[in-house]
Amino acid sequence: MRIAMSAVWLVLALLFVFLGRYYHAQSFGQIPHVEVPARPLQAEASPVKVEISIAGAGVDEPLQDFVSRFNEQIDATNQAASKTNRLTAYGYYLAAFAAFVSMVLEWREPVARLLR
């Protein structure tokens, strides 16, 4: 029975380590920022420059404002997801340690008898 329980604890410890490593790796993932492409005739390399405005404001100003606010939201989401994934990984590492300690405790009594 001890061998079976030790095998279960070992499998759980390995599973928790694997899941901890997975979430730790996921904590480095980032959603990229949104970029507004330049209009072909407004690019710096364009031989012809075209300026378009509506009521004195550039056509792309509302889009630029939206993209700026959207990228701020992406940054906040990236930070929250990274923190959540790191905390999840630490939880799995703690569970792996507890499973390993439980496995060792299964063998404490037989090992103590051998060392007497």
# chains A, B, ... in the order shown; residues from 1 in each chain; ligands from 1
$ residues_around --residues "Ala89 in chain A" --least-positions-apart "3" --cutoff "10 Å" --atoms "only C-alpha atoms" --output "MDAnalysis selection string"
chainID A and resid 16:27 83:86 92:95
$ residues_around --residues "range 69-74 of chain A" --least-positions-apart "3" --cutoff "10 Å" --atoms "only C-alpha atoms" --output "mmCIF file with N, CA and C atoms, in the first residue's frame"
data_model
loop_
_atom_site.group_PDB
_atom_site.id
_atom_site.type_symbol
_atom_site.label_atom_id
_atom_site.label_comp_id
_atom_site.auth_asym_id
_atom_site.auth_seq_id
_atom_site.Cartn_x
_atom_site.Cartn_y
_atom_site.Cartn_z
ATOM 1 N N GLN A 30 2.654 38.194 -23.848
ATOM 2 C CA GLN A 30 2.127 39.551 -23.935
ATOM 3 C C GLN A 30 1.224 39.694 -25.151
ATOM 4 N N ILE A 31 0.140 40.415 -24.998
ATOM 5 C CA ILE A 31 -0.691 40.786 -26.136
ATOM 6 C C ILE A 31 -0.024 42.004 -26.773
ATOM 7 N N PRO A 32 0.237 41.970 -28.072
ATOM 8 C CA PRO A 32 0.932 43.111 -28.694
ATOM 9 C C PRO A 32 0.022 44.334 -28.807
ATOM 10 N N HIS A 33 0.658 45.500 -28.899
ATOM 11 C CA HIS A 33 -0.079 46.741 -29.087
ATOM 12 C C HIS A 33 -0.671 46.814 -30.487
ATOM 13 N N VAL A 34 -1.732 47.587 -30.604
ATOM 14 C CA VAL A 34 -2.363 47.841 -31.895
ATOM 15 C C VAL A 34 -1.661 49.050 -32.514
ATOM 16 N N GLU A 35 -1.319 48.952 -33.768
ATOM 17 C CA GLU A 35 -0.676 50.053 -34.481
ATOM 18 C C GLU A 35 -1.592 50.512 -35.604
ATOM 19 N N LEU A 63 -9.223 57.983 -34.269
ATOM 20 C CA LEU A 63 -8.674 56.626 -34.296
ATOM 21 C C LEU A 63 -7.412 56.544 -33.453
ATOM 22 N N GLN A 64 -6.548 57.552 -33.540
ATOM 23 C CA GLN A 64 -5.314 57.568 -32.737
ATOM 24 C C GLN A 64 -5.650 57.598 -31.247
ATOM 25 N N ASP A 65 -6.651 58.394 -30.876
ATOM 26 C CA ASP A 65 -7.064 58.451 -29.468
ATOM 27 C C ASP A 65 -7.584 57.093 -28.995
ATOM 28 N N PHE A 66 -8.401 56.462 -29.828
ATOM 29 C CA PHE A 66 -8.927 55.144 -29.480
ATOM 30 C C PHE A 66 -7.800 54.132 -29.316
ATOM 31 N N THR A 77 -4.167 44.689 -19.020
ATOM 32 C CA THR A 77 -4.527 43.269 -19.136
ATOM 33 C C THR A 77 -3.281 42.392 -19.102
ATOM 34 N N ASN A 78 -2.228 42.801 -19.800
ATOM 35 C CA ASN A 78 -0.975 42.040 -19.787
ATOM 36 C C ASN A 78 -0.407 41.942 -18.379
ATOM 37 N N GLN A 79 -0.441 43.051 -17.659
ATOM 38 C CA GLN A 79 0.102 43.055 -16.300
ATOM 39 C C GLN A 79 -0.722 42.146 -15.382
ATOM 40 N N ALA A 80 -2.039 42.229 -15.475
ATOM 41 C CA ALA A 80 -2.901 41.402 -14.625
ATOM 42 C C ALA A 80 -2.745 39.916 -14.965
#
$ select_by_dssp --residues "chain A" --states "strand (DSSP E or B)" --output "list in words"
Ser53, Ile54, Ala57 and Gly58 of chain A
$ atom_distance --atom1 "CA of Ala81 in chain A" --atom2 "CA of Phe100 in chain A"
28.4 Å
$ atom_distance --atom1 "CA of Val11 in chain A" --atom2 "CA of Glu106 in chain A"
14.3 Å
$ atom_distance --atom1 "CA of Ala98 in chain A" --atom2 "CA of Trp9 in chain A"
9.1 Å
$ residues_around --residues "Arg2 in chain A" --least-positions-apart "4" --cutoff "12 Å" --atoms "only C-alpha atoms" --output "list in words"
Ser6, Ala7, Val8, Trp9, Leu10, Ser102, Met103, Val104, Leu105, Glu106, Trp107, Arg108, Glu109 and Pro110 of chain A
$ write_last_selection --atoms "N, CA and C atoms" --output "CSV table (one decimal), in the first residue's frame"
chain,number,residue,atom,x,y,z
A,6,SER,N,2.8,6.2,-2.5
A,6,SER,CA,4.0,6.9,-2.8
A,6,SER,C,4.0,7.2,-4.3
A,7,ALA,N,3.6,6.2,-5.1
A,7,ALA,CA,3.5,6.5,-6.6
A,7,ALA,C,2.5,7.5,-6.9
A,8,VAL,N,1.3,7.5,-6.2
A,8,VAL,CA,0.3,8.5,-6.4
A,8,VAL,C,0.9,9.9,-6.0
A,9,TRP,N,1.5,10.0,-4.9
A,9,TRP,CA,2.1,11.3,-4.5
A,9,TRP,C,3.2,11.8,-5.5
A,10,LEU,N,4.0,10.9,-6.0
A,10,LEU,CA,5.0,11.2,-6.9
A,10,LEU,C,4.4,11.7,-8.2
A,102,SER,N,4.5,14.7,1.4
A,102,SER,CA,3.5,13.6,1.8
A,102,SER,C,4.1,12.2,1.3
A,103,MET,N,4.8,12.2,0.2
A,103,MET,CA,5.5,11.0,-0.3
A,103,MET,C,6.6,10.6,0.7
A,104,VAL,N,7.3,11.6,1.1
A,104,VAL,CA,8.4,11.3,2.1
A,104,VAL,C,7.9,10.8,3.4
A,105,LEU,N,6.8,11.4,3.8
A,105,LEU,CA,6.2,11.0,5.1
A,105,LEU,C,5.6,9.5,5.1
A,106,GLU,N,5.3,9.1,3.9
A,106,GLU,CA,4.8,7.7,3.7
A,106,GLU,C,5.9,6.7,4.1
A,107,TRP,N,7.2,7.1,3.8
A,107,TRP,CA,8.3,6.2,4.1
A,107,TRP,C,9.1,6.5,5.4
A,108,ARG,N,8.6,7.5,6.2
A,108,ARG,CA,9.3,7.8,7.4
A,108,ARG,C,9.4,6.7,8.4
A,109,GLU,N,8.3,6.0,8.6
A,109,GLU,CA,8.3,4.9,9.6
A,109,GLU,C,9.2,3.7,9.2
A,110,PRO,N,9.0,3.2,7.9
A,110,PRO,CA,9.9,2.1,7.5
A,110,PRO,C,11.4,2.5,7.5
